[in-house]
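Structure below is input-v5.cif: mmCIF, C-alpha atoms.
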```cif
data_structure
#
loop_
_atom_site.label_atom_id
_atom_site.label_comp_id
_atom_site.auth_asym_id
_atom_site.auth_seq_id
_atom_site.Cartn_x
_atom_site.Cartn_y
_atom_site.Cartn_z
CA MET A 1 35.77 -4.08 -4.97
CA THR A 2 34.77 -1.36 -7.44
CA LYS A 3 34.97 2.18 -6.10
CA ALA A 4 31.55 3.43 -5.02
CA SER A 5 29.50 5.68 -7.28
CA VAL A 6 26.28 7.57 -6.55
CA GLN A 7 23.44 8.24 -8.96
CA ARG A 8 20.08 9.98 -8.72
CA LEU A 9 17.20 7.62 -9.44
CA THR A 10 14.55 10.33 -9.19
CA SER A 11 14.05 13.64 -10.95
CA GLN A 12 16.02 16.72 -9.95
CA GLN A 13 12.70 18.53 -9.64
CA PRO A 14 11.28 18.95 -6.10
CA GLY A 15 9.24 16.01 -4.84
CA ALA A 16 8.10 14.27 -1.69
CA VAL A 17 10.98 11.75 -1.66
CA ALA A 18 14.25 11.52 -3.59
CA VAL A 19 16.30 8.36 -4.15
CA LEU A 20 20.09 8.29 -4.42
CA GLU A 21 21.67 4.92 -5.14
CA VAL A 22 25.23 4.04 -4.16
CA ARG A 23 26.93 1.09 -5.85
CA GLY A 24 30.38 -0.40 -5.42
CA ASP A 25 32.45 -0.47 -2.22
CA ILE A 26 29.55 0.05 0.18
CA ASN A 27 31.57 -0.94 3.25
CA ALA A 28 33.94 1.98 2.86
CA ILE A 29 31.10 4.47 2.44
CA SER A 30 29.16 2.94 5.35
CA SER A 31 32.19 3.19 7.60
CA THR A 32 32.75 6.85 6.74
CA LEU A 33 29.11 7.72 7.37
CA GLY A 34 28.82 5.56 10.50
CA LEU A 35 26.42 3.02 8.97
CA GLN A 36 28.39 -0.16 9.64
CA ASP A 37 25.49 -1.76 11.53
CA LEU A 38 23.12 -1.83 8.54
CA PRO A 39 22.97 -5.43 7.20
CA VAL A 40 21.97 -6.55 3.74
CA GLY A 41 18.18 -6.31 3.54
CA GLY A 42 18.13 -3.81 6.40
CA LEU A 43 16.20 -0.55 6.55
CA GLN A 44 16.89 2.33 8.92
CA LEU A 45 15.79 5.91 9.43
CA ARG A 46 18.95 7.90 10.19
CA SER A 47 19.99 11.52 10.45
CA LEU A 48 23.23 12.62 8.83
CA PRO A 49 24.91 16.01 9.37
CA ASP A 50 22.60 18.71 7.93
CA VAL A 51 20.36 15.97 6.46
CA PRO A 52 17.68 14.83 8.91
CA ASP A 53 15.49 11.76 8.53
CA VAL A 54 17.06 9.83 5.67
CA LEU A 55 15.57 6.40 5.00
CA ILE A 56 18.49 4.07 4.14
CA ALA A 57 18.02 0.63 2.57
CA ARG A 58 20.82 -1.90 2.13
CA ALA A 59 19.64 -3.77 -0.97
CA GLY A 60 22.72 -5.91 -1.46
CA ALA A 61 26.39 -6.34 -0.68
CA SER A 62 27.26 -3.58 -3.15
CA SER A 63 24.06 -1.56 -3.31
CA MET A 64 22.49 0.97 -0.94
CA GLN A 65 19.69 3.50 -1.40
CA PHE A 66 19.40 6.83 0.43
CA MET A 67 15.90 8.35 0.49
CA PRO A 68 15.69 11.87 1.94
CA THR A 69 12.81 14.28 1.53
CA GLY A 70 12.78 15.53 -2.04
CA GLY A 71 13.69 19.19 -1.46
CA PRO A 72 16.57 20.21 -3.77
CA HIS A 73 18.69 21.68 -0.96
CA ILE A 74 18.38 18.52 1.16
CA VAL A 75 19.26 16.31 -1.82
CA GLU A 76 22.30 18.43 -2.69
CA ARG A 77 23.55 18.28 0.91
CA LEU A 78 23.25 14.50 0.95
CA LEU A 79 24.88 14.22 -2.47
CA SER A 80 27.81 16.34 -1.26
CA GLN A 81 28.23 14.13 1.81
CA LEU A 82 28.27 10.96 -0.29
CA ILE A 83 30.85 12.45 -2.66
CA SER A 84 32.96 13.58 0.30
CA ALA A 85 32.73 10.04 1.70
CA GLY A 86 34.34 8.69 -1.49
CA CYS A 87 31.57 8.28 -4.08
CA ASP A 88 31.99 9.26 -7.70
CA LEU A 89 29.01 11.10 -9.13
CA GLN A 90 27.44 9.15 -11.99
CA ASP A 91 25.24 11.33 -14.18
CA THR A 92 24.86 8.86 -17.05
CA PRO A 93 21.77 6.70 -16.52
CA VAL A 94 22.46 3.04 -15.89
CA ALA A 95 21.39 0.82 -18.80
CA PRO A 96 18.02 -0.74 -17.87
CA TRP A 97 18.05 -4.31 -16.66
CA PRO A 98 21.72 -5.26 -17.38
CA SER A 99 21.05 -8.59 -15.69
CA SER A 100 18.12 -10.27 -14.01
CA GLN A 101 19.45 -9.73 -10.48
CA GLU A 102 20.40 -6.10 -11.09
CA ALA A 103 16.96 -5.56 -12.61
CA ILE A 104 15.36 -6.54 -9.32
CA GLU A 105 17.66 -4.33 -7.24
CA GLN A 106 17.13 -1.32 -9.50
CA ALA A 107 13.37 -1.78 -9.62
CA MET A 108 13.27 -2.18 -5.86
CA ALA A 109 15.23 1.05 -5.36
CA ILE A 110 12.84 2.93 -7.64
CA ASP A 111 9.66 1.58 -6.03
CA LEU A 112 10.73 1.53 -2.39
CA PRO A 113 9.47 5.11 -1.82
CA ASN A 114 6.01 3.91 -2.93
CA ALA A 115 5.88 1.39 -0.09
CA ALA A 116 3.20 2.87 2.16
CA SER A 117 3.60 0.41 5.04
CA PRO A 118 6.35 -1.59 6.82
CA LEU A 119 4.80 -4.72 5.31
CA ALA A 120 5.40 -3.45 1.78
CA THR A 121 8.91 -2.21 2.63
CA GLU A 122 10.01 -5.52 4.13
CA LEU A 123 8.60 -7.47 1.20
CA LEU A 124 10.37 -5.30 -1.37
CA LEU A 125 13.69 -5.44 0.47
CA ASP A 126 13.53 -9.24 0.51
CA GLN A 127 13.04 -9.55 -3.25
CA PRO A 128 16.73 -9.65 -4.30
CA ARG A 129 17.24 -12.68 -2.03
CA ARG A 130 14.07 -14.38 -3.21
CA TRP A 131 14.89 -13.93 -6.88
CA ARG A 132 18.49 -15.04 -6.34
CA GLU A 133 17.49 -18.23 -4.51
CA PHE A 134 14.44 -19.13 -6.63
CA ALA A 135 14.89 -22.42 -8.51
CA GLY A 136 11.31 -23.35 -9.37
CA ASN A 137 9.00 -22.72 -12.30
CA TRP A 138 7.01 -19.50 -12.56
CA THR A 139 3.27 -20.22 -12.87
CA ALA A 140 -0.02 -18.45 -13.52
CA ASP A 141 -0.69 -18.69 -9.77
CA ASP A 142 2.49 -16.68 -9.19
CA ASP A 143 1.20 -13.98 -11.54
CA ALA A 144 -2.12 -13.88 -9.68
CA ARG A 145 -0.35 -13.71 -6.31
CA SER A 146 1.93 -10.94 -7.58
CA GLN A 147 -1.04 -8.94 -8.80
CA ARG A 148 -2.75 -9.16 -5.41
CA LEU A 149 0.44 -8.15 -3.61
CA CYS A 150 0.59 -5.01 -5.76
CA HIS A 151 -2.16 -3.65 -3.50
CA LEU A 152 0.70 -2.98 -1.07
CA LEU A 153 2.17 -0.42 -3.49
CA HIS A 154 -0.99 0.94 -5.10
CA ARG A 155 -3.57 1.81 -2.46
CA PRO A 156 -6.75 -0.17 -3.30
CA ARG A 157 -10.17 1.50 -3.30
CA ILE A 158 -12.86 -0.25 -1.27
CA ALA A 159 -16.48 0.69 -1.97
CA VAL A 160 -19.15 -0.20 0.60
CA PHE A 161 -22.78 -0.11 -0.54
CA GLY A 162 -26.05 -0.95 1.17
CA HIS A 163 -29.45 0.38 2.19
CA ALA A 164 -29.75 3.72 3.96
CA ASN A 165 -29.39 4.06 7.72
CA ILE A 166 -27.93 0.63 8.51
CA GLY A 167 -24.65 1.81 10.06
CA LYS A 168 -22.15 1.95 7.17
CA SER A 169 -20.87 5.35 8.33
CA THR A 170 -20.65 4.16 11.93
CA LEU A 171 -18.47 1.28 10.79
CA LEU A 172 -16.18 3.68 8.92
CA ASN A 173 -15.89 6.00 11.92
CA ARG A 174 -14.95 3.10 14.20
CA LEU A 175 -12.34 1.83 11.74
CA ALA A 176 -10.90 5.34 11.35
CA GLY A 177 -10.86 5.90 15.11
CA ARG A 178 -12.64 9.24 14.74
CA GLU A 179 -15.72 10.71 13.08
CA ARG A 180 -15.11 10.96 9.35
CA ALA A 181 -18.68 10.36 8.16
CA LYS A 182 -21.80 12.01 9.57
CA THR A 183 -24.17 9.67 11.41
CA GLN A 184 -27.65 10.14 12.83
CA ASP A 185 -30.94 8.26 13.00
CA ALA A 186 -32.29 9.65 9.76
CA SER A 187 -32.57 7.89 6.45
CA GLY A 188 -29.99 8.92 3.87
CA THR A 189 -27.71 10.89 6.17
CA THR A 190 -24.77 10.28 3.84
CA ARG A 191 -25.71 12.17 0.66
CA ASP A 192 -22.30 12.00 -1.07
CA TYR A 193 -19.75 9.25 -0.80
CA VAL A 194 -17.00 9.80 1.77
CA SER A 195 -13.41 8.79 0.99
CA VAL A 196 -11.09 7.98 3.90
CA GLU A 197 -7.58 6.51 3.94
CA LEU A 198 -7.23 3.65 6.43
CA ASP A 199 -4.65 1.07 7.48
CA LEU A 200 -6.23 -2.39 7.56
CA ALA A 201 -3.87 -4.86 9.22
CA GLY A 202 -0.83 -3.32 7.53
CA LEU A 203 -2.56 -2.67 4.21
CA PRO A 204 -3.21 1.02 3.37
CA VAL A 205 -6.56 1.41 1.60
CA THR A 206 -9.00 4.09 0.49
CA TRP A 207 -12.42 3.33 1.97
CA LEU A 208 -15.46 4.74 0.16
CA ASP A 209 -18.61 5.09 2.26
CA THR A 210 -21.43 5.48 -0.31
CA PRO A 211 -24.92 6.94 0.16
CA GLY A 212 -27.58 4.50 1.27
CA ILE A 213 -29.54 2.89 -1.55
CA GLN A 214 -33.13 4.13 -1.52
CA ASN A 215 -36.00 5.16 -3.77
CA THR A 216 -36.07 8.94 -3.90
CA THR A 217 -37.44 11.75 -6.05
CA ASP A 218 -34.88 14.21 -4.69
CA VAL A 219 -32.79 15.28 -7.68
CA ALA A 220 -29.66 15.99 -5.62
CA GLN A 221 -29.92 12.60 -3.95
CA GLN A 222 -30.38 10.88 -7.30
CA GLN A 223 -27.25 12.61 -8.62
CA SER A 224 -25.30 11.56 -5.53
CA LEU A 225 -26.38 7.95 -6.00
CA ALA A 226 -25.35 8.03 -9.66
CA ILE A 227 -21.90 9.41 -8.79
CA ALA A 228 -21.51 6.83 -6.04
CA GLN A 229 -22.42 4.04 -8.45
CA LYS A 230 -19.57 5.07 -10.74
CA ALA A 231 -17.18 5.00 -7.76
CA ILE A 232 -18.42 1.52 -6.84
CA GLU A 233 -17.84 0.24 -10.37
CA LEU A 234 -14.24 1.54 -10.37
CA ALA A 235 -13.35 0.18 -6.92
CA SER A 236 -10.79 -2.56 -6.37
CA ILE A 237 -13.35 -4.53 -4.37
CA ARG A 238 -17.06 -4.05 -3.71
CA ILE A 239 -18.44 -4.74 -0.24
CA ALA A 240 -22.17 -5.26 0.29
CA ALA A 241 -23.45 -4.20 3.71
CA GLY A 242 -26.72 -5.38 5.20
CA ASP A 243 -28.45 -6.06 8.48
CA ALA A 244 -31.21 -8.28 9.82
CA GLU A 245 -33.87 -5.56 9.37
CA ALA A 246 -33.02 -4.02 5.98
CA GLY A 247 -31.59 -7.14 4.35
CA TRP A 248 -29.07 -7.10 1.51
CA PRO A 249 -28.93 -4.38 -1.16
CA PRO A 250 -29.46 -5.09 -4.86
CA GLY A 251 -26.31 -6.55 -6.41
CA HIS A 252 -25.02 -8.13 -3.22
CA GLU A 253 -24.66 -11.47 -5.02
CA ASP A 254 -21.84 -10.01 -7.13
CA ALA A 255 -20.02 -8.32 -4.23
CA ASP A 256 -16.51 -9.44 -3.31
CA LEU A 257 -17.41 -9.48 0.38
CA ARG A 258 -20.64 -9.27 2.41
CA ILE A 259 -20.58 -7.63 5.84
CA GLY A 260 -23.45 -8.00 8.29
CA LEU A 261 -23.95 -4.79 10.29
CA ARG A 262 -25.81 -4.14 13.54
CA TRP A 263 -25.00 -7.64 14.72
CA ASP A 264 -26.91 -6.89 17.95
CA LEU A 265 -30.17 -6.91 15.95
CA GLY A 266 -29.56 -10.47 14.82
CA GLU A 267 -27.63 -12.41 12.20
CA ILE A 268 -28.23 -11.80 8.51
CA PRO A 269 -27.93 -14.98 6.44
CA GLY A 270 -25.15 -14.99 3.86
CA ALA A 271 -22.75 -12.65 5.67
CA ASP A 272 -19.05 -13.44 5.28
CA VAL A 273 -18.32 -11.51 8.47
CA SER A 274 -20.50 -9.60 10.97
CA CYS A 275 -19.97 -6.81 13.48
CA ALA A 276 -21.69 -4.46 15.89
CA ALA A 277 -19.74 -1.28 15.15
CA PRO A 278 -21.13 0.99 17.92
CA GLU A 279 -19.93 -1.51 20.56
CA GLY A 280 -16.73 -2.31 18.68
CA ARG A 281 -17.58 -6.01 18.42
CA GLY A 282 -16.26 -7.83 15.38
CA LEU A 283 -14.21 -4.90 14.02
CA GLN A 284 -10.94 -6.85 13.88
CA GLU A 285 -12.73 -9.66 12.10
CA VAL A 286 -13.98 -7.15 9.51
CA VAL A 287 -10.47 -5.72 9.05
CA GLN A 288 -8.98 -9.17 8.52
CA ALA A 289 -11.76 -10.22 6.15
CA VAL A 290 -11.23 -7.15 3.95
CA ARG A 291 -7.46 -7.55 3.93
CA ARG A 292 -7.77 -11.26 3.05
CA THR A 293 -10.14 -10.42 0.21
CA LEU A 294 -7.47 -8.15 -1.30
CA ILE A 295 -4.35 -10.10 -0.28
CA HIS A 296 -4.63 -13.74 0.77
CA ASP A 297 -2.84 -15.06 3.85
CA ALA A 298 -1.01 -17.50 1.57
CA ASP A 299 0.29 -14.55 -0.50
CA LEU A 300 2.02 -13.09 2.55
CA ALA A 301 3.25 -16.47 3.77
CA SER A 302 4.81 -17.40 0.42
CA ASP A 303 8.58 -17.13 0.06
CA ARG A 304 8.41 -17.12 -3.75
CA PRO A 305 9.50 -14.02 -5.70
CA TRP A 306 7.12 -11.13 -6.23
CA ARG A 307 6.94 -9.78 -9.79
CA TRP A 308 5.50 -6.38 -8.91
CA LYS A 309 6.26 -4.75 -12.30
CA LYS A 310 5.11 -6.25 -15.58
CA ASP A 311 8.39 -5.31 -17.31
CA LEU A 312 10.49 -7.30 -14.83
CA PRO A 313 11.95 -10.54 -16.20
CA VAL A 314 10.15 -13.75 -15.29
CA PRO A 315 12.04 -15.51 -12.49
#
```

Would you write out, as C-alpha cells, the structure that this file holds?
Amino acid sequence: MTKASVQRLTSQQPGAVAVLEVRGDINAISSTLGLQDLPVGGLQLRSLPDVPDVLIARAGASSMQFMPTGGPHIVERLLSQLISAGCDLQDTPVAPWPSSQEAIEQAMAIDLPNAASPLATELLLDQPRRWREFAGNWTADDDARSQRLCHLLHRPRIAVFGHANIGKSTLLNRLAGRERAKTQDASGTTRDYVSVELDLAGLPVTWLDTPGIQNTTDVAQQQSLAIAQKAIELASIRIAAGDAEAGWPPGHEDADLRIGLRWDLGEIPGADVSCAAPEGRGLQEVVQAVRRTLIHDADLASDRPWRWKKDLPVP
C-alpha cells in the first residue's frame, strides 16, 4: 500500500469549510487517529485534539476526506495532525481526472461540502460504488435524472404566485414553523416578495412568497409586482396558488404545480394538491408534491450513477 499523502482541495484563504484529502495507506492513518470504525462510504462528525467538529468521509479503500471549518488556524492544526500521523504533504495539484473512478472520487470530495442535507451527502458518498458497478448504457433519461438530482446541491428557488389575500403567506409560515411573512385580513398584505429557506422532505429550497396579483394604481405596489414577476420568471419551478373563492391567477396553466389553498372553503378544480394551512391539514401532502415536482421519487429510488457535474466522464 502506498504511503498516505494529504492535499488541500480548497483554497488556503479563509472559508466556511475546508477539505483535506488523504490518499494511500488509510488504515494506518485511521488507526493513529482512532478512526478504525469508519467504513468505506461512511460519514462521521468527529472531534480531534484541538480540532473540533471535523466531518470525515471515507470515499474509498484508499481515500478519505477531512472537512473542518475553514479558519486557517483550524486547518493548519488538522494538517499538522495528519502529517504527524504519517501523511506526506502534497502541494502539487493532482492531475484532473487521471481515471474515470478517480474522477468520481475527486469530484465527490470537492462537492461534498456543498451537500446541504443528509440526503445529498449519502447520495454523493455512494457514487464511487455506483460508477464502479455500473454496466449499462447511459441514456438521455439518465441525464434528465441527474439534472433533477442537482437540486440537492444547488438550492432550487420556488416561486408561489396567486391572487391577493388567499393565504399564500399563511402557508409559508406554517411550512417554516414560525412567522416569516406578515398575514392579516387585508388585500395585498405582502407588498414585496419574501424569501425563506426551507427543508422540504430532505430537500433544501428557497421559497419565494410573492405579492398577491391585483389591479392597482399604487405605484409602489406596481413596482413590487414587477420585481416579483422577474423573480417568478427566474425560479426553478413556478407554483400557482388559488382557492375556491378567488380562483386561479393568470398564467396558472403554465405553472409547474397548482396548489389549492383554504381547503375548508371548498375544492378548487384543477389543483394538484390542496391544503388548509391555518389548521395544518394537507401540509405534508404539499411538501411531498413540491419535492416530487423538483426530484421524482424514481430519481431517489434509482441505483444508477449520478452525473452531477457536466465535465465528469459519461459512465

For the structure shown, which residues end up in the PyMOL selection byres ((chain A and resi 239-248) around 10)? Put them as a ChimeraX atom specification, please?
/A:158-168,208,212,232,235,237-238,249-271,274-275,290

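The residues returned by the PyMOL selection byres ((chain A and resi 70) around 8) on the shown structure are A:Pro14, A:Gly15, A:Ala16, A:Val17, A:Ala18, A:Pro68, A:Thr69, A:Gly71, A:Pro72, A:Ile74, A:Val75.
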
Between atom CA of His151 of chain A and atom CA of Pro113 of chain A, what is the distance in Å, rounded to a tenth?
14.7 Å

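Closest approach to Ser169 of chain A from the set A:Thr210, A:Arg292, A:Val6, A:Glu122 is made by A:Thr210, with distances taken over all atoms listed in the file.
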
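Between atom CA of Asp111 of chain A and atom CA of Glu233 of chain A the interatomic distance comes to 27.9 Å.
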
What does the structure give for the distance between atom CA of Thr139 of chain A and atom CA of Pro315 of chain A, in Å to one decimal?
10.0 Å

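Comparing the minimum interatomic distances between Leu175 of chain A and each of A:Arg145, A:Arg155, A:Arg46, A:Arg281, counting only C-alpha atoms, we find that A:Arg281 sits nearest.
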
For the provided coordinates, the residues matched by the PyMOL selection byres ((chain A and resi 38) around 12) should be stated as number ranges by chain.
A: 26-27, 29-31, 33-37, 39-46, 55-61, 63-65

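Nearest to Gln147 of chain A of all the residues A:Gln106, A:Ser236, A:Gln81, A:Ser62 is A:Ser236, based on all atoms listed in the file.
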
Would you list the contacts of Asp303 of chain A as a PDB file with C-alpha atoms, in the coordinates of the input, taking every protein, DNA or RNA residue within 10 Å and counting all atoms listed in the file, but skipping same-chain residues closer than 3 positions in sequence?
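What ended up in result_22.pdb:
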```
ATOM      1  CA  LEU A 123       8.600  -7.470   1.200  1.00  0.00           C
ATOM      2  CA  ASP A 126      13.530  -9.240   0.510  1.00  0.00           C
ATOM      3  CA  GLN A 127      13.040  -9.550  -3.250  1.00  0.00           C
ATOM      4  CA  ARG A 129      17.240 -12.680  -2.030  1.00  0.00           C
ATOM      5  CA  ARG A 130      14.070 -14.380  -3.210  1.00  0.00           C
ATOM      6  CA  TRP A 131      14.890 -13.930  -6.880  1.00  0.00           C
ATOM      7  CA  PHE A 134      14.440 -19.130  -6.630  1.00  0.00           C
ATOM      8  CA  ALA A 298      -1.010 -17.500   1.570  1.00  0.00           C
ATOM      9  CA  ASP A 299       0.290 -14.550  -0.500  1.00  0.00           C
ATOM     10  CA  LEU A 300       2.020 -13.090   2.550  1.00  0.00           C
ATOM     11  CA  TRP A 306       7.120 -11.130  -6.230  1.00  0.00           C
TER      12      TRP A 306
END
```

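Distance annotation: of A:Ile295, A:Val196, A:Ala103, A:Val54, the residue with the minimal separation from Pro313 of chain A is A:Ala103; atom set is only C-alpha atoms.
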